[in-house]
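J.: Structure supplied as start.cif; contents: mmCIF, C-alpha atoms.
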data_my_file
loop_
_atom_site.label_atom_id
_atom_site.label_comp_id
_atom_site.auth_asym_id
_atom_site.auth_seq_id
_atom_site.Cartn_x
_atom_site.Cartn_y
_atom_site.Cartn_z
CA MET A 1 2.90 -23.13 -5.98
CA ARG A 2 3.45 -19.95 -8.00
CA MET A 3 4.44 -17.42 -5.38
CA THR A 4 5.82 -13.92 -5.01
CA VAL A 5 7.03 -12.22 -1.82
CA LEU A 6 6.05 -8.60 -1.20
CA TYR A 7 7.38 -6.59 1.71
CA PHE A 8 7.62 -3.23 3.35
CA SER A 9 10.64 -2.64 5.55
CA GLY A 10 11.43 0.58 7.36
CA THR A 11 14.97 -0.20 8.48
CA GLY A 12 15.77 -3.71 7.23
CA ASN A 13 14.22 -6.24 9.61
CA SER A 14 11.29 -7.19 7.39
CA LYS A 15 13.50 -7.10 4.29
CA PHE A 16 15.75 -9.71 5.89
CA ILE A 17 12.82 -12.06 6.54
CA ALA A 18 11.36 -11.50 3.07
CA SER A 19 14.64 -11.98 1.22
CA ARG A 20 15.62 -15.12 3.12
CA PHE A 21 12.18 -16.68 2.69
CA ALA A 22 12.10 -15.88 -1.03
CA GLU A 23 15.56 -17.36 -1.54
CA ASN A 24 14.64 -20.54 0.34
CA MET A 25 11.37 -20.91 -1.57
CA ASP A 26 12.79 -19.91 -4.97
CA ALA A 27 10.29 -17.06 -5.29
CA GLU A 28 10.44 -13.51 -6.59
CA CYS A 29 10.87 -10.85 -3.89
CA HIS A 30 9.86 -7.20 -4.22
CA SER A 31 9.56 -4.18 -1.98
CA ILE A 32 6.20 -2.49 -2.37
CA GLU A 33 8.18 0.72 -2.95
CA GLU A 34 9.50 -0.56 -6.28
CA LYS A 35 8.27 1.02 -9.50
CA ILE A 36 6.92 -2.09 -11.18
CA ASP A 37 3.56 -3.33 -12.45
CA PHE A 38 2.29 -5.07 -9.31
CA SER A 39 -1.06 -5.88 -10.90
CA GLU A 40 0.69 -7.87 -13.62
CA LEU A 41 2.96 -9.52 -11.05
CA LEU A 42 0.04 -10.59 -8.86
CA HIS A 43 -1.85 -11.88 -11.90
CA ARG A 44 0.97 -14.38 -12.55
CA VAL A 45 0.90 -16.04 -9.11
CA ASP A 46 -1.56 -17.96 -6.97
CA THR A 47 0.17 -17.33 -3.63
CA VAL A 48 1.37 -14.05 -2.12
CA ALA A 49 3.69 -13.95 0.86
CA VAL A 50 3.65 -10.57 2.61
CA VAL A 51 6.15 -9.32 5.16
CA TYR A 52 5.83 -6.12 7.18
CA PRO A 53 6.60 -4.61 10.60
CA ILE A 54 3.64 -4.53 12.94
CA TYR A 55 2.77 -1.22 14.60
CA GLY A 56 0.49 -1.42 17.65
CA SER A 57 -0.84 -4.73 16.32
CA CYS A 58 -1.87 -2.89 13.14
CA VAL A 59 -0.61 -3.18 9.57
CA PRO A 60 1.45 -0.09 8.62
CA ARG A 61 -0.54 2.49 6.68
CA ILE A 62 1.80 2.23 3.67
CA MET A 63 1.05 -1.50 3.41
CA ARG A 64 -2.68 -1.00 3.92
CA GLU A 65 -2.77 1.58 1.14
CA PHE A 66 -0.84 -0.78 -1.15
CA VAL A 67 -3.39 -3.55 -0.56
CA GLU A 68 -6.25 -1.14 -1.18
CA ARG A 69 -4.76 -0.11 -4.55
CA HIS A 70 -4.43 -3.75 -5.60
CA MET A 71 -7.45 -5.22 -3.82
CA ASP A 72 -8.88 -6.94 -6.90
CA ALA A 73 -5.56 -8.71 -7.48
CA PHE A 74 -5.32 -9.84 -3.85
CA LYS A 75 -8.79 -11.36 -3.76
CA GLU A 76 -8.78 -15.16 -3.88
CA LYS A 77 -4.98 -15.35 -3.58
CA LYS A 78 -3.54 -17.78 -1.08
CA LEU A 79 -1.69 -15.87 1.62
CA ILE A 80 1.44 -16.40 3.68
CA ILE A 81 1.80 -13.66 6.28
CA PHE A 82 4.93 -12.78 8.23
CA CYS A 83 5.15 -9.78 10.52
CA THR A 84 8.19 -8.54 12.38
CA GLN A 85 7.78 -7.19 15.88
CA MET A 86 9.80 -5.84 18.78
CA MET A 87 7.90 -7.89 21.38
CA PHE A 88 4.39 -9.33 21.13
CA SER A 89 1.74 -8.03 18.75
CA GLY A 90 -1.02 -10.52 19.49
CA ASP A 91 -2.87 -10.90 16.20
CA GLY A 92 -0.55 -8.77 14.06
CA ALA A 93 -0.44 -11.30 11.23
CA ARG A 94 -4.19 -11.82 11.29
CA ALA A 95 -4.61 -8.06 10.92
CA PHE A 96 -3.39 -8.33 7.33
CA ALA A 97 -5.85 -11.10 6.46
CA ARG A 98 -8.68 -8.89 7.71
CA LEU A 99 -7.82 -6.26 5.10
CA ILE A 100 -9.07 -8.53 2.30
CA PRO A 101 -12.65 -9.80 1.98
CA HIS A 102 -12.61 -13.46 3.08
CA GLY A 103 -8.83 -13.15 3.39
CA GLU A 104 -8.70 -15.24 6.57
CA GLU A 105 -10.05 -18.20 4.61
CA HIS A 106 -7.06 -18.18 2.26
CA VAL A 107 -4.18 -18.06 4.75
CA LEU A 108 -1.72 -20.94 4.40
CA TYR A 109 0.69 -19.81 7.07
CA ALA A 110 1.10 -16.89 9.48
CA GLU A 111 3.98 -16.18 11.83
CA HIS A 112 5.46 -13.38 13.96
CA PHE A 113 9.20 -12.82 14.21
CA ASN A 114 10.81 -10.97 17.10
CA MET A 115 13.46 -8.67 15.64
CA PRO A 116 15.75 -5.94 17.03
CA ASN A 117 14.22 -2.68 18.20
CA ASN A 118 14.64 0.18 15.72
CA ILE A 119 12.95 2.83 17.87
CA CYS A 120 16.25 4.45 18.69
CA ASN A 121 15.01 7.36 20.82
CA SER A 122 12.73 5.59 23.29
CA ARG A 123 13.57 5.45 27.00
CA VAL A 124 10.87 2.83 27.53
CA PHE A 125 12.32 0.46 24.90
CA PRO A 126 16.10 1.02 24.84
CA MET A 127 18.13 -0.56 22.08
CA ASN A 128 19.98 -3.73 23.07
CA GLU A 129 23.21 -4.81 21.39
CA LYS A 130 22.57 -8.49 22.16
CA GLU A 131 19.37 -8.32 20.10
CA LEU A 132 21.41 -7.63 16.96
CA VAL A 133 22.62 -11.23 16.97
CA ASN A 134 20.18 -13.25 19.06
CA LYS A 135 16.85 -12.18 17.57
CA PRO A 136 17.84 -12.41 13.86
CA ARG A 137 19.53 -15.75 14.50
CA LYS A 138 16.42 -17.21 16.10
CA ALA A 139 14.26 -15.73 13.35
CA ALA A 140 16.44 -17.22 10.61
CA LYS A 141 16.35 -20.65 12.21
CA ARG A 142 12.58 -20.53 12.61
CA LEU A 143 12.14 -19.29 9.05
CA ASP A 144 14.10 -22.25 7.70
CA GLU A 145 11.81 -24.58 9.65
CA ILE A 146 8.75 -22.79 8.27
CA CYS A 147 9.93 -23.27 4.69
CA GLY A 148 10.05 -27.02 5.27
CA GLU A 149 6.59 -27.01 6.84
CA ILE A 150 5.08 -25.05 3.96
CA ARG A 151 6.61 -27.44 1.42
CA ASN A 152 5.04 -30.31 3.35
CA GLY A 153 1.62 -28.69 3.35
CA VAL A 154 1.59 -27.81 7.06
CA VAL A 155 -0.84 -24.98 7.87
CA LYS A 156 -0.19 -22.82 10.93
CA LYS A 157 -1.71 -19.47 11.84
CA ARG A 158 -0.02 -17.57 14.65
CA GLY A 159 -2.34 -15.03 16.24
CA TRP A 160 -5.65 -16.71 15.44
CA ASN A 161 -6.68 -17.66 18.98
CA ALA A 162 -8.75 -15.69 21.49
CA PHE A 163 -5.79 -14.69 23.67
CA SER A 164 -3.92 -13.27 20.66
CA ALA A 165 -7.02 -11.30 19.66
CA LEU A 166 -7.30 -9.86 23.17
CA LEU A 167 -3.60 -8.97 23.26
CA GLY A 168 -3.88 -7.31 19.88
CA LYS A 169 -6.94 -5.36 20.96
CA THR A 170 -5.14 -3.89 23.96
CA GLN A 171 -2.57 -2.43 21.57
CA ASN A 172 -4.57 -1.48 18.49
CA VAL A 173 -7.43 0.26 20.28
CA ALA A 174 -5.29 3.38 20.66
CA TYR A 175 -3.11 3.05 17.58
CA PRO A 176 -5.41 4.80 15.05
CA GLN A 177 -5.14 7.99 17.10
CA ILE A 178 -1.37 7.58 17.42
CA GLU A 179 -1.08 6.97 13.68
CA GLU A 180 -3.10 10.07 12.85
CA LYS A 181 -1.03 12.24 15.16
CA ALA A 182 2.16 10.76 13.72
CA ARG A 183 1.27 11.81 10.17
CA HIS A 184 2.57 15.31 10.86
CA SER A 185 5.04 14.50 13.63
CA PHE A 186 8.34 14.70 11.70
CA HIS A 187 10.74 17.19 13.22
CA ALA A 188 14.34 18.17 12.46
CA ASP A 189 16.23 20.20 15.06
CA ASP A 190 18.82 22.93 14.51
CA SER A 191 21.58 20.42 13.79
CA CYS A 192 19.90 19.51 10.46
CA ILE A 193 22.20 20.36 7.52
CA ARG A 194 19.50 20.03 4.84
CA CYS A 195 21.44 17.24 3.11
CA GLY A 196 18.21 15.81 1.68
CA LEU A 197 18.89 12.21 2.72
CA CYS A 198 15.59 11.93 4.59
CA VAL A 199 13.77 13.34 1.55
CA ARG A 200 15.25 10.64 -0.68
CA LEU A 201 14.70 7.80 1.80
CA CYS A 202 11.13 8.53 2.89
CA PRO A 203 8.83 5.78 1.55
CA MET A 204 5.82 8.10 1.75
CA LYS A 205 7.42 11.05 -0.08
CA ASN A 206 6.48 13.02 3.01
CA LEU A 207 9.44 15.40 2.94
CA GLU A 208 10.87 18.01 0.61
CA ILE A 209 13.24 20.93 0.80
CA VAL A 210 11.59 24.22 -0.15
CA LYS A 211 13.68 27.39 -0.23
CA GLY A 212 16.24 25.81 2.03
CA GLN A 213 13.66 24.60 4.56
CA LEU A 214 12.68 21.02 5.26
CA VAL A 215 8.91 20.72 4.79
CA GLN A 216 6.63 17.77 5.62
CA LYS A 217 3.38 16.86 3.88
CA ASP A 218 1.58 15.23 6.82
CA ASN A 219 2.05 11.75 5.42
CA CYS A 220 4.49 10.03 7.82
CA THR A 221 4.01 6.28 8.32
CA VAL A 222 6.35 6.14 11.37
CA CYS A 223 8.83 3.72 9.82
CA TYR A 224 11.79 5.39 11.59
CA ARG A 225 13.92 5.23 8.45
CA CYS A 226 14.78 8.92 8.55
CA VAL A 227 15.44 8.90 12.30
CA ASN A 228 17.96 6.07 12.00
CA ALA A 229 19.64 7.38 8.84
CA CYS A 230 20.08 11.09 9.61
CA PRO A 231 23.85 11.84 9.66
CA LYS A 232 23.36 14.49 12.36
CA GLN A 233 20.74 12.59 14.37
CA ALA A 234 18.52 15.61 13.85
CA ALA A 235 15.34 13.84 12.73
CA THR A 236 12.57 12.52 14.95
CA VAL A 237 9.04 11.21 14.37
CA TYR A 238 6.31 11.06 17.01
CA LEU A 239 8.75 10.82 19.93
CA LYS A 240 10.67 14.08 20.22
CA ALA A 241 13.73 12.78 22.09
CA LYS A 242 16.94 13.06 20.07
CA PRO A 243 18.43 9.63 19.34
CA LYS A 244 21.75 8.88 21.01
CA LYS A 245 22.45 5.80 18.92
CA GLN A 246 20.78 4.88 15.64
CA TYR A 247 19.65 1.47 14.44
CA LYS A 248 21.79 0.46 11.45
CA GLY A 249 20.57 -3.10 11.15
CA PHE A 250 22.68 -6.17 11.84
CA ASP A 251 25.53 -8.08 10.26
CA THR A 252 23.84 -10.90 8.35
CA ASP A 253 27.01 -12.98 8.22
CA SER A 254 27.30 -12.95 12.01
CA ILE A 255 23.87 -14.45 12.64
CA LEU A 256 23.50 -17.09 9.92
CA TYR A 257 24.50 -20.69 10.51
#
Translate the structure of the given file into structure tokens.
T.:
Amino acid sequence: MRMTVLYFSGTGNSKFIASRFAENMDAECHSIEEKIDFSELLHRVDTVAVVYPIYGSCVPRIMREFVERHMDAFKEKKLIIFCTQMMFSGDGARAFARLIPHGEEHVLYAEHFNMPNNICNSRVFPMNEKELVNKPRKAAKRLDEICGEIRNGVVKKRGWNAFSALLGKTQNVAYPQIEEKARHSFHADDSCIRCGLCVRLCPMKNLEIVKGQLVQKDNCTVCYRCVNACPKQAATVYLKAKPKKQYKGFDTDSILY
């Protein structure tokens, strides 16, 4: 199996899964934000493992646009699909396969991983310190099992049954409207010091500083990277509540066996 691992990660959860899987499977691992020749990379492999956070049981717009740019290279590739989620996304992994013509026919493995919540300003889904150890630890253990199954030719597809499709539908029916509204939802309050960190970190190049003012280009993908990184906790996207505590990821050494 000639394989590469491609991922998008807003705040580190999907990067953890992608990096650990690639290391275990002795495969190349690349963020889709890297400035490399992805067409050439995809030409060299027969299997592509993709890792991404699921939003409302939908593939993030940044990942969808990446697939669209490289659609010819993705066609006929065998697929391994991993999505990270806060709770249950239903058919979040299957959503990626549907992006590619006949993509569902080429899936070797699909799995969902529950990971810590990075939506740091939500009253409905408060951040939980216990998640920082328990969820990554369970995910790492399951990922190691999956590597063994893939090597042994085991095919599993999480999210392919009718119940998963129904659960996904209850979430993704409203998400396109949420996603569209979120495109121009970035806000920085008066505590913003115009340090430019959010400008540099934004995967969509949605932000810039013009004449001392922070300006958005209506291209937010709601990854929450800026919200969790802002040194003054001034940034928000979609939800307007100011974060009290930001998600900084987890200590990898504390969760690995």
J.: Enter the distance from atom CA of A:Ile62 to atom CA of A:Ala93, in Å, rounded to one decimal.
T.: 15.7 Å
J.: So how many Å separate atom CA of A:Thr236 and atom CA of A:Phe96, to one decimal?
T.: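 Computing it gives 27.3 Å between the two atoms.
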J.: Got a sec to resolve the PyMOL selection byres ((chain A and resi 4) around 9) on this structure and send the residues as a list in words?
T.: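 That selection, the PyMOL selection byres ((chain A and resi 4) around 9), comes back as Arg2, Met3, Val5, Leu6, Ala22, Ala27, Glu28, Cys29, His30, Leu41, Leu42, Arg44, Val45, Asp46, Thr47, Val48, Ala49 and Val50 of chain A.
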J.: Which residues match the PyMOL selection byres ((chain A and resi 10) around 9) in the file above, as a short mmCIF file (atom, residue, chain, number, x, y, z; two decimals) with C-alpha atoms, in the coordinates of the input?
T.:
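See result_2.cif below for the written result:
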data_model
loop_
_atom_site.label_atom_id
_atom_site.label_comp_id
_atom_site.auth_asym_id
_atom_site.auth_seq_id
_atom_site.Cartn_x
_atom_site.Cartn_y
_atom_site.Cartn_z
CA PHE A 8 7.62 -3.23 3.35
CA SER A 9 10.64 -2.64 5.55
CA THR A 11 14.97 -0.20 8.48
CA GLY A 12 15.77 -3.71 7.23
CA ASN A 13 14.22 -6.24 9.61
CA SER A 14 11.29 -7.19 7.39
CA LYS A 15 13.50 -7.10 4.29
CA TYR A 52 5.83 -6.12 7.18
CA PRO A 53 6.60 -4.61 10.60
CA ASN A 118 14.64 0.18 15.72
CA PRO A 203 8.83 5.78 1.55
CA VAL A 222 6.35 6.14 11.37
CA CYS A 223 8.83 3.72 9.82
CA TYR A 224 11.79 5.39 11.59
CA ARG A 225 13.92 5.23 8.45
#
J.: Please evaluate the PyMOL selection byres ((chain A and resi 252) around 12) against the structure above and give the resulting residues as a PyMOL selection string.
T.: chain A and resi 12-13+15-17+19-20+132-137+139-140+248-251+253-257
J.: Could I get the residues of stretch 107-216 of chain A with an atom no further than 12 Å from an atom of stretch 74-84 of chain A, each paired with its nearest atom pair and that distance in Å to one decimal, using only C-alpha atoms, sorted by chain and residue number, as a tab-separated table?
T.:
residue	atom	partner	partner_atom	distance
A:Val107	CA	A:Leu79	CA	4.6
A:Leu108	CA	A:Ile80	CA	5.6
A:Tyr109	CA	A:Ile80	CA	4.9
A:Ala110	CA	A:Ile81	CA	4.6
A:Glu111	CA	A:Phe82	CA	5.0
A:His112	CA	A:Cys83	CA	5.0
A:Phe113	CA	A:Thr84	CA	4.8
A:Asn114	CA	A:Thr84	CA	5.9
A:Met115	CA	A:Thr84	CA	6.2
A:Pro116	CA	A:Thr84	CA	9.2
A:Asn117	CA	A:Thr84	CA	10.2
A:Asn118	CA	A:Thr84	CA	11.3
A:Lys135	CA	A:Thr84	CA	10.7
A:Pro136	CA	A:Thr84	CA	10.5
A:Ala139	CA	A:Thr84	CA	9.5
A:Arg142	CA	A:Phe82	CA	11.7
A:Leu143	CA	A:Phe82	CA	9.7
A:Ile146	CA	A:Phe82	CA	10.7
A:Cys147	CA	A:Ile80	CA	11.0
A:Ile150	CA	A:Ile80	CA	9.4
A:Val154	CA	A:Ile80	CA	11.9
A:Val155	CA	A:Ile80	CA	9.8
A:Lys156	CA	A:Ile80	CA	9.8
A:Lys157	CA	A:Ile81	CA	8.8
A:Arg158	CA	A:Ile81	CA	9.4
A:Gly159	CA	A:Cys83	CA	10.8
J.: Scan for residues within 9 Å of the point (-2.7, 15.9, 8.0) in the coordinates of the file, using all atoms listed in the file, and reply as a ChimeraX atom specification.
T.: /A:180-181,183-184,217-219
J.: Okay, now the selection with C-alpha atoms, as a tab-separated table (two decimals), in the frame of the given file?
T.:
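See part_6.tsv below for the written result:
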chain	number	residue	atom	x	y	z
A	180	GLU	CA	-3.10	10.07	12.85
A	181	LYS	CA	-1.03	12.24	15.16
A	183	ARG	CA	1.27	11.81	10.17
A	184	HIS	CA	2.57	15.31	10.86
A	217	LYS	CA	3.38	16.86	3.88
A	218	ASP	CA	1.58	15.23	6.82
A	219	ASN	CA	2.05	11.75	5.42
J.: Report, in Å to a single decimal, how far apart atom CA of A:Val51 and atom CA of A:Asn24 are.
T.: 14.9 Å
J.: From the options A:Lys245, A:Gly90, A:Gly148, A:His43, which residue's atoms come nearest to A:Phe163, counting only C-alpha atoms?
T.: A:Gly90
J.: How big is the axis-aligned box, and where does its centre sit, when it encloses all atoms of stretch 193-201 of chain A listed in the file and has 5 Å added on every side, reported in Å to one decimal as AutoDock Vina command-line options?
T.:
--center_x 18.0 --center_y 14.1 --center_z 3.4 --size_x 18.4 --size_y 22.6 --size_z 18.2
J.: Select, from A:Ala97, A:Ile178, A:Cys58, A:Cys120, the residue with the minimum atom-to-atom distance to A:Val227, counting only C-alpha atoms.
T.: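 When distances to A:Val227 are compared using only C-alpha atoms, the smallest one comes from A:Cys120.
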J.: Tell me which protein, DNA and RNA residues are within 10 Å of A:Gly56, counting all atoms listed in the file, leaving out same-chain ones fewer than 5 positions away, and put them as a PyMOL selection string.
T.: chain A and resi 85+88-90+92+168-176+178-179
J.: Write the selection just made, keeping C-alpha atoms, as a compact mmCIF listing (two decimals), in the coordinates of the input?
T.:
# COMPACT_ATOMS: atom_id res chain seq x y z
CA GLN A 85 7.78 -7.19 15.88
CA PHE A 88 4.39 -9.33 21.13
CA SER A 89 1.74 -8.03 18.75
CA GLY A 90 -1.02 -10.52 19.49
CA GLY A 92 -0.55 -8.77 14.06
CA GLY A 168 -3.88 -7.31 19.88
CA LYS A 169 -6.94 -5.36 20.96
CA THR A 170 -5.14 -3.89 23.96
CA GLN A 171 -2.57 -2.43 21.57
CA ASN A 172 -4.57 -1.48 18.49
CA VAL A 173 -7.43 0.26 20.28
CA ALA A 174 -5.29 3.38 20.66
CA TYR A 175 -3.11 3.05 17.58
CA PRO A 176 -5.41 4.80 15.05
CA ILE A 178 -1.37 7.58 17.42
CA GLU A 179 -1.08 6.97 13.68
J.: Return the single residue from A:Tyr55, A:Phe66, A:Phe21, A:Trp160 that is closest to A:Arg94, with distances computed using all atoms listed in the file.
T.: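 So, comparing all the options, the nearest one is A:Trp160.
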J.: Determine, counting all atoms listed in the file, which protein, DNA and RNA residues have an atom within 12 Å of an atom of A:Gly212; residues of the same chain fewer than 6 positions away are not included. Present the result as a ChimeraX atom specification.
T.: /A:192-196
J.: Quick one: residues within 10 Å of A:Lys240, only C-alpha atoms, excluding same-chain residues fewer than 6 positions away - as a list in words?
T.: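 Here the qualifying residues turn out to be Asn121, Ser122, Ser185, Phe186, His187, Ala188 and Asp189 of chain A.
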J.: Complete the atoms of stretch 224-236 of chain A to N, CA, C and O atoms and put them out as a CSV table (one decimal), in the coordinates of the input.
T.:
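Output saved as out_9.csv:
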chain,number,residue,atom,x,y,z
A,224,TYR,N,10.5,5.1,10.9
A,224,TYR,CA,11.8,5.4,11.6
A,224,TYR,C,13.0,5.3,10.7
A,224,TYR,O,14.1,5.4,11.1
A,225,ARG,N,12.8,5.3,9.4
A,225,ARG,CA,13.9,5.2,8.4
A,225,ARG,C,14.7,6.5,8.5
A,225,ARG,O,16.0,6.5,8.6
A,226,CYS,N,14.1,7.6,8.5
A,226,CYS,CA,14.8,8.9,8.6
A,226,CYS,C,15.5,9.1,9.9
A,226,CYS,O,16.6,9.6,9.9
A,227,VAL,N,14.9,8.7,11.0
A,227,VAL,CA,15.4,8.9,12.3
A,227,VAL,C,16.7,8.1,12.4
A,227,VAL,O,17.7,8.6,13.0
A,228,ASN,N,16.8,6.9,11.9
A,228,ASN,CA,18.0,6.1,12.0
A,228,ASN,C,19.0,6.4,11.0
A,228,ASN,O,20.2,6.0,11.1
A,229,ALA,N,18.7,7.1,9.9
A,229,ALA,CA,19.6,7.4,8.8
A,229,ALA,C,20.3,8.8,8.9
A,229,ALA,O,21.3,9.0,8.4
A,230,CYS,N,19.6,9.7,9.6
A,230,CYS,CA,20.1,11.1,9.6
A,230,CYS,C,21.5,11.2,10.1
A,230,CYS,O,21.9,10.7,11.2
A,231,PRO,N,22.4,11.8,9.3
A,231,PRO,CA,23.8,11.8,9.7
A,231,PRO,C,24.1,12.7,10.9
A,231,PRO,O,25.2,12.6,11.5
A,232,LYS,N,23.2,13.6,11.2
A,232,LYS,CA,23.4,14.5,12.4
A,232,LYS,C,22.4,14.1,13.5
A,232,LYS,O,22.4,14.8,14.5
A,233,GLN,N,21.7,13.0,13.4
A,233,GLN,CA,20.7,12.6,14.4
A,233,GLN,C,19.8,13.7,14.7
A,233,GLN,O,19.3,13.9,15.8
A,234,ALA,N,19.4,14.4,13.7
A,234,ALA,CA,18.5,15.6,13.8
A,234,ALA,C,17.0,15.3,13.7
A,234,ALA,O,16.2,16.0,14.2
A,235,ALA,N,16.7,14.2,13.1
A,235,ALA,CA,15.3,13.8,12.7
A,235,ALA,C,14.7,13.0,13.8
A,235,ALA,O,15.3,12.1,14.4
A,236,THR,N,13.4,13.3,14.1
A,236,THR,CA,12.6,12.5,15.0
A,236,THR,C,11.2,12.4,14.4
A,236,THR,O,10.7,13.3,13.6
